[in-house]
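First the structure, in the form of structure tokens, and then the observations on it.
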Amino acid sequence: VGRLILVLGDQLTERVVALREADRRTDIVVMAEVADEAGYVPHHPKKIALIFASMRKFAARLRDEGWDVRYTALDDPDSSGSVVGELLRRAEETGATEVIATEPGEWRLIEALNDAPLKITQLEDDRFVASHKEFDDWARDRKALRMEYFYREMRRKTGFLMEDDDPAGGKWNFDHDNRKPAPGDGIATQLMRFTPDETVEEVLDLVEARFGDNFGQVRPFHFATDQGEARRALTHFVQHALPKFGDFQDAMLDEEHFLYHALISGYVNLGLLDPIEVCEAVEQAWRDGHAPINAAEGFIRQIIGWRDFMRGIYFHEGPDYTRRNVLGHHRDLPPLFWGAETKMRCVGRTVEQTRDDAYAHHIQRLMVTGNFALLAGIDPWQVHEWYLSVYWDAYEWVEAPNVIGMSQFADGGVIASKPYVSSGNYIAKMSDYCGHCAYKVKDKTGPDACPFNLLFWYFMDRHRDRFEGNPRMAQMYRTFDRMDSDRRETVLREAARFLDRMDAGEVV
Ligand code: FAD
Ligand code: DLZ
Ligand code: SF4
């Protein structure tokens, strides 16, 4: 009897290690849509549909290539409802006694496989530039783990944008040229939309029926659901949006959801696109003179830098990472995160877009919803569960470091050297939200004051002990201390009142 080869919903490529190790003449592939995975958080229906539809198409392809695939659909009456349960059921059905798995991207599932009453071998997922060992070797003996230095190693290792031993263009990092505010003219590339075929439509019906109460709607659905479509989405990005990706990476517009972003994270995380293939396409565009170096470098840094770094941190830090809360934040996540009315235009629009698309770009996630949650002192675990639920690309290995670490500083600075907090000024500079807002970003106190302006000082004041000695924050404390004491008191009092009203369920 052959072995069972487990392929999870975010391992949809022949290049995944368990499939590379398998023998298609004797081994049996197990794939399962299960209630446990679909329900550990209330995932956005579009995310569930993307995963199920892509799983079904991948299973069909494996069958075409001669694999024996045992596939459990969500509504299979014999299903046990869990990944381990399905492995046990298939073991009994086939007589197999051994399972080969690619290590899942979440401790919860790694531990479930470890604890299962079956011989399961978990092979390290090598769809990343750095292996666990390479990351741990790099991290060992370093006082602080900083992405920039890790990234340079990954540039050397992969050879992307390298001229012999030197970085192309003479610099490792061209961020200085990026970060332009939103351009005023009609802009942005058209999103690549795929029309659902019969397989996808079936999944949309299933998801609508089973997860219709989750935040967001499954239709309209336009994501790619196989490797061919995902490659077309990548090509579309490289042709149309990449040249301006760097310039407007941090910009936000009230009426524009996607700007020049790639919209590929979901595909890369699922396995529909390979991260190296993505970087090759981007590097080639630069070599062909189609995209400037600041765009190509900025983009490649997001993939072999940030993405790989986040994965390294998740595994390096261990299973308790998502429970960290060094700032002692305990406020409940307010209903406005789930679409309840808010007068804050930036937050309202970001949440609305998240509900509609299961997508928001990096700066919306970091400097609007993330910034607000951090300033307001919301429990990072609840913030983490929200992000894990609502985005099409959210899997714990990448979501948790971004949320717990980068955005909420709940890990005490493992990832970020200072918290990503800002007053309304930053949002006013990088977006056109404020012009549509009921609050006034220029007001620092008073009935119309932008809540970010109030909460910024509330946060700084509350965490003075921790951050005053941070050289990158000292200037802010000096500014605060130079305010006259009446004004300081007014700001803090109004911030507290704002939070009380929010906690009481008032529209804020
Ligand atoms: P682009 O802006 O076009 O960037 C290109 C690619 O770079 C992305 O597709 C992605 O693969 C990679 N990338 C960029 N930044 C990061 C990063 N910080 N970490 C990892 N990869 C990165 N990304 C996820 O894939 N899943 C998540 O659950 C997730 N949660 C996030 C939560 C917060 C609070 C923040 C601040 C960021 C989060 N990110 C997450 C990172 C980033 O926001 C998304 O990868 C990006 O918005 C995806 O859209 P895009 O493909 O258009 O990306
Ligand atoms: C996210 C997800 C969902 C919604 N459903 C399934 C599923 O039914 N079957 C499956 O194999 N995987 C699913 N996934 C992805 C897993 O949750 C993911 O593999 C782990 O969280 C590790 O990243
Ligand atoms: Fe957001 Fe403040 Fe601007 Fe309103 S004024 S959009 S709350 S930053």
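Residues are referred to by chain and number: the chain letter is A, B, ... according to the order shown in the structure tokens, the number counts from 1 in that chain, and ligands are numbered separately from 1 in the order shown.
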>> How would you report the residues lying within 12 Å of ligand 3, as JSON, numbers by chain, if you count only C-alpha atoms and all ligand atoms?
In response: {"A": [252, 253, 254, 342, 343, 344, 345, 346, 347, 348, 349, 350, 364, 367, 368, 369, 371, 372, 422, 423, 424, 425, 426, 427, 428, 429, 430, 431, 432, 433, 434, 435, 436, 437, 438, 439, 440, 441, 442, 443, 444, 445, 448, 449, 450, 451, 452, 453, 454, 455, 456, 508]}
>> as number ranges by chain, please: the residues near Val84 (chain A) (cut-off 8 Å, only C-alpha atoms, same-chain neighbours under 2 positions excluded).
In response: A: 82, 86-88, 112-113, 116
>> Taking only C-alpha atoms and all ligand atoms into account, which residues have an atom no farther than 10 Å from ligand 2? I'd like them as number ranges by chain.
In response: A: 6-12, 30-52, 55, 72-74, 81-83, 102-110, 269-270, 388-389, 392-398
>> At a cut-off of 7 Å around ligand 1, and using only C-alpha atoms and all ligand atoms, what residues come up? Please write them as number ranges by chain.
In response: A: 249, 261-266, 268-269, 299, 302-303, 306-307, 310, 360-363, 365-366, 370, 387-388, 391, 393-396, 398-399, 402-403, 406-407
Saved selection, atoms kept: C-alpha atoms, as a short mmCIF file (atom, residue, chain, number, x, y, z; two decimals), in the first residue's frame:
```
data_model
loop_
_atom_site.label_atom_id
_atom_site.label_comp_id
_atom_site.auth_asym_id
_atom_site.auth_seq_id
_atom_site.Cartn_x
_atom_site.Cartn_y
_atom_site.Cartn_z
CA GLN A 249 2.93 52.34 -2.86
CA HIS A 261 -0.77 47.34 -6.19
CA ALA A 262 -0.18 43.84 -7.49
CA LEU A 263 -3.13 41.98 -6.00
CA ILE A 264 -1.21 38.77 -5.99
CA SER A 265 -0.54 38.01 -2.31
CA GLY A 266 -3.51 35.65 -2.18
CA VAL A 268 1.36 33.49 -3.90
CA ASN A 269 0.20 32.34 -0.47
CA PHE A 299 8.53 45.13 -5.16
CA GLN A 302 8.27 43.04 -0.40
CA ILE A 303 8.55 39.45 -1.55
CA TRP A 306 9.21 41.28 4.00
CA ARG A 307 7.30 38.17 3.05
CA MET A 310 7.62 37.48 8.32
CA ALA A 360 -7.12 46.49 1.43
CA HIS A 361 -3.59 47.48 0.60
CA HIS A 362 -0.67 47.63 2.96
CA ILE A 363 -0.94 51.24 4.09
CA ARG A 365 -4.01 47.88 6.86
CA LEU A 366 -1.07 49.48 8.67
CA GLY A 370 -3.96 49.05 12.39
CA TYR A 387 -7.17 40.43 10.17
CA LEU A 388 -6.98 36.65 9.90
CA TYR A 391 -8.39 39.33 4.06
CA ASP A 393 -4.42 36.49 1.69
CA ALA A 394 -4.54 35.86 5.45
CA TYR A 395 -2.79 32.79 6.83
CA GLU A 396 -1.34 32.92 10.28
CA VAL A 398 2.15 35.93 7.44
CA GLU A 399 -0.78 37.65 9.12
CA ASN A 402 2.24 41.71 10.37
CA VAL A 403 -0.47 42.29 12.97
CA MET A 406 4.52 45.19 12.77
CA SER A 407 1.14 46.78 13.36
#
```
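If you count only C-alpha atoms and ignore residues fewer than 3 places along the chain from Ala60 (chain A), what sits within 12 Å of it is Leu12, Val29, Met31, Ala53, Ser54, Met55, Arg56, Lys57, Arg63, Asp64, Glu65, Gly66, Trp67, Asp68, Val69, Arg70, Tyr71, Thr199 and Asp226 of chain A.
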Go ahead and write the residues just picked, C-alpha atoms, as a PDB file, in the first residue's frame.
```
ATOM      1  CA  LEU A  12      -1.733  24.158  -4.403  1.00  0.00           C
ATOM      2  CA  VAL A  29      -3.295  12.448  -2.507  1.00  0.00           C
ATOM      3  CA  MET A  31      -7.384  16.982  -0.058  1.00  0.00           C
ATOM      4  CA  ALA A  53     -12.438  26.710  -5.994  1.00  0.00           C
ATOM      5  CA  SER A  54      -8.659  26.609  -6.346  1.00  0.00           C
ATOM      6  CA  MET A  55      -8.518  23.324  -4.420  1.00  0.00           C
ATOM      7  CA  ARG A  56     -11.113  21.735  -6.716  1.00  0.00           C
ATOM      8  CA  LYS A  57      -9.285  22.838  -9.858  1.00  0.00           C
ATOM      9  CA  ARG A  63      -6.177  13.618 -11.514  1.00  0.00           C
ATOM     10  CA  ASP A  64      -5.542  14.520 -15.162  1.00  0.00           C
ATOM     11  CA  GLU A  65      -1.870  13.973 -14.494  1.00  0.00           C
ATOM     12  CA  GLY A  66      -2.588  10.487 -13.226  1.00  0.00           C
ATOM     13  CA  TRP A  67      -2.760  10.944  -9.467  1.00  0.00           C
ATOM     14  CA  ASP A  68      -5.253   9.121  -7.294  1.00  0.00           C
ATOM     15  CA  VAL A  69      -6.859  12.022  -5.414  1.00  0.00           C
ATOM     16  CA  ARG A  70      -9.287  11.461  -2.542  1.00  0.00           C
ATOM     17  CA  TYR A  71     -11.119  14.745  -2.295  1.00  0.00           C
ATOM     18  CA  THR A 199     -16.646  24.949 -10.923  1.00  0.00           C
ATOM     19  CA  ASP A 226      -5.814  28.322 -11.121  1.00  0.00           C
TER      20      ASP A 226
END
```
Any idea what's packed within 8 Å of region 280-289 of chain A, counting only C-alpha atoms, ignoring anything in its chain fewer than 4 positions away? Could you give it as a PDB file with N, CA and C atoms, in the first residue's frame?
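As written to disk, result.pdb reads:
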```pdb
ATOM      1  N   PHE A 160      18.850  38.369  -7.162  1.00  0.00           N
ATOM      2  CA  PHE A 160      17.940  39.355  -7.767  1.00  0.00           C
ATOM      3  C   PHE A 160      18.522  40.758  -7.656  1.00  0.00           C
ATOM      4  N   LEU A 161      18.490  41.487  -8.774  1.00  0.00           N
ATOM      5  CA  LEU A 161      18.966  42.872  -8.831  1.00  0.00           C
ATOM      6  C   LEU A 161      20.385  42.997  -8.296  1.00  0.00           C
ATOM      7  N   THR A 235       1.093  38.968 -15.047  1.00  0.00           N
ATOM      8  CA  THR A 235       1.538  39.651 -16.264  1.00  0.00           C
ATOM      9  C   THR A 235       0.849  41.002 -16.402  1.00  0.00           C
ATOM     10  N   VAL A 238       2.511  43.412 -14.050  1.00  0.00           N
ATOM     11  CA  VAL A 238       3.842  43.832 -14.489  1.00  0.00           C
ATOM     12  C   VAL A 238       3.725  44.825 -15.648  1.00  0.00           C
ATOM     13  N   LEU A 242       3.176  47.911 -12.429  1.00  0.00           N
ATOM     14  CA  LEU A 242       4.516  47.891 -11.831  1.00  0.00           C
ATOM     15  C   LEU A 242       5.297  49.200 -12.010  1.00  0.00           C
ATOM     16  N   ILE A 276       9.420  33.151  -6.477  1.00  0.00           N
ATOM     17  CA  ILE A 276      10.621  33.381  -7.295  1.00  0.00           C
ATOM     18  C   ILE A 276      10.222  33.758  -8.733  1.00  0.00           C
ATOM     19  N   ILE A 293      13.975  51.262 -11.489  1.00  0.00           N
ATOM     20  CA  ILE A 293      14.597  50.484 -10.419  1.00  0.00           C
ATOM     21  C   ILE A 293      13.855  50.653  -9.092  1.00  0.00           C
ATOM     22  N   ALA A 296      10.998  48.136  -9.211  1.00  0.00           N
ATOM     23  CA  ALA A 296      11.422  46.735  -9.182  1.00  0.00           C
ATOM     24  C   ALA A 296      12.034  46.378  -7.830  1.00  0.00           C
ATOM     25  N   PHE A 299       9.387  46.302  -5.078  1.00  0.00           N
ATOM     26  CA  PHE A 299       8.530  45.128  -5.158  1.00  0.00           C
ATOM     27  C   PHE A 299       9.264  43.855  -4.710  1.00  0.00           C
ATOM     28  N   ILE A 300      10.464  43.674  -5.226  1.00  0.00           N
ATOM     29  CA  ILE A 300      11.217  42.462  -4.869  1.00  0.00           C
ATOM     30  C   ILE A 300      11.495  42.436  -3.367  1.00  0.00           C
TER      31      ILE A 300
END
```
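Comparing the minimum interatomic distances between Ile313 (chain A) and each of A:Asp76, A:Asp274, A:Asp136, A:Glu111, counting only C-alpha atoms, we find that A:Asp136 sits nearest.
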>> Could you pull out the strand (DSSP E or B) residues of region 11-65 of chain A, going by DSSP on the backbone, and write them as an NGL selection string?
In response: :A and (28-32)
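Relative to CA of Glu21 (chain A), CA of Thr158 (chain A) is found at 23.9 Å.
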> Looking only at the backbone, which of the residues in region 168-378 of chain A does DSSP tag as helix (DSSP H, G or I), as an MDAnalysis selection string?
Replying inline: chainID A and resid 168:170 175:177 198:211 227:240 242:245 265:270 275:287 293:317 321:323 335:338 345:357 362:376
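Interatomic distance, CA of Ala358 (chain A) to CA of Cys279 (chain A): 24.2 Å.
Between CA of Val278 (chain A) and CA of Ala400 (chain A) lies a distance of 23.3 Å.
Closest approach to Asn173 (chain A) among A:Lys157, A:Arg301, A:Arg488, A:Val99: A:Arg301, based on only C-alpha atoms.
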> Which of these, A:Val200, A:Lys418, A:Ala495, A:Asp500, has the shortest distance to Glu468 (chain A) once you count only C-alpha atoms?
Replying inline: A:Lys418
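Taking only C-alpha atoms into account, Asn214 (chain A) lies nearest to A:Val390 out of the set A:Leu19, A:Ala144, A:Gly85, A:Val390.
Counting only C-alpha atoms and comparing A:Leu333, A:Val383, A:Ala22, A:Ala251, the residue that lies closest to Lys180 (chain A) is A:Ala251.
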>> At a cut-off of 10 Å, using only C-alpha atoms, what residues contact Ala139 (chain A)? Leave out same-chain residues fewer than 4 positions from it and give the result as a PyMOL selection string.
In response: chain A and resi 133-135+143-146+150+312-313+316
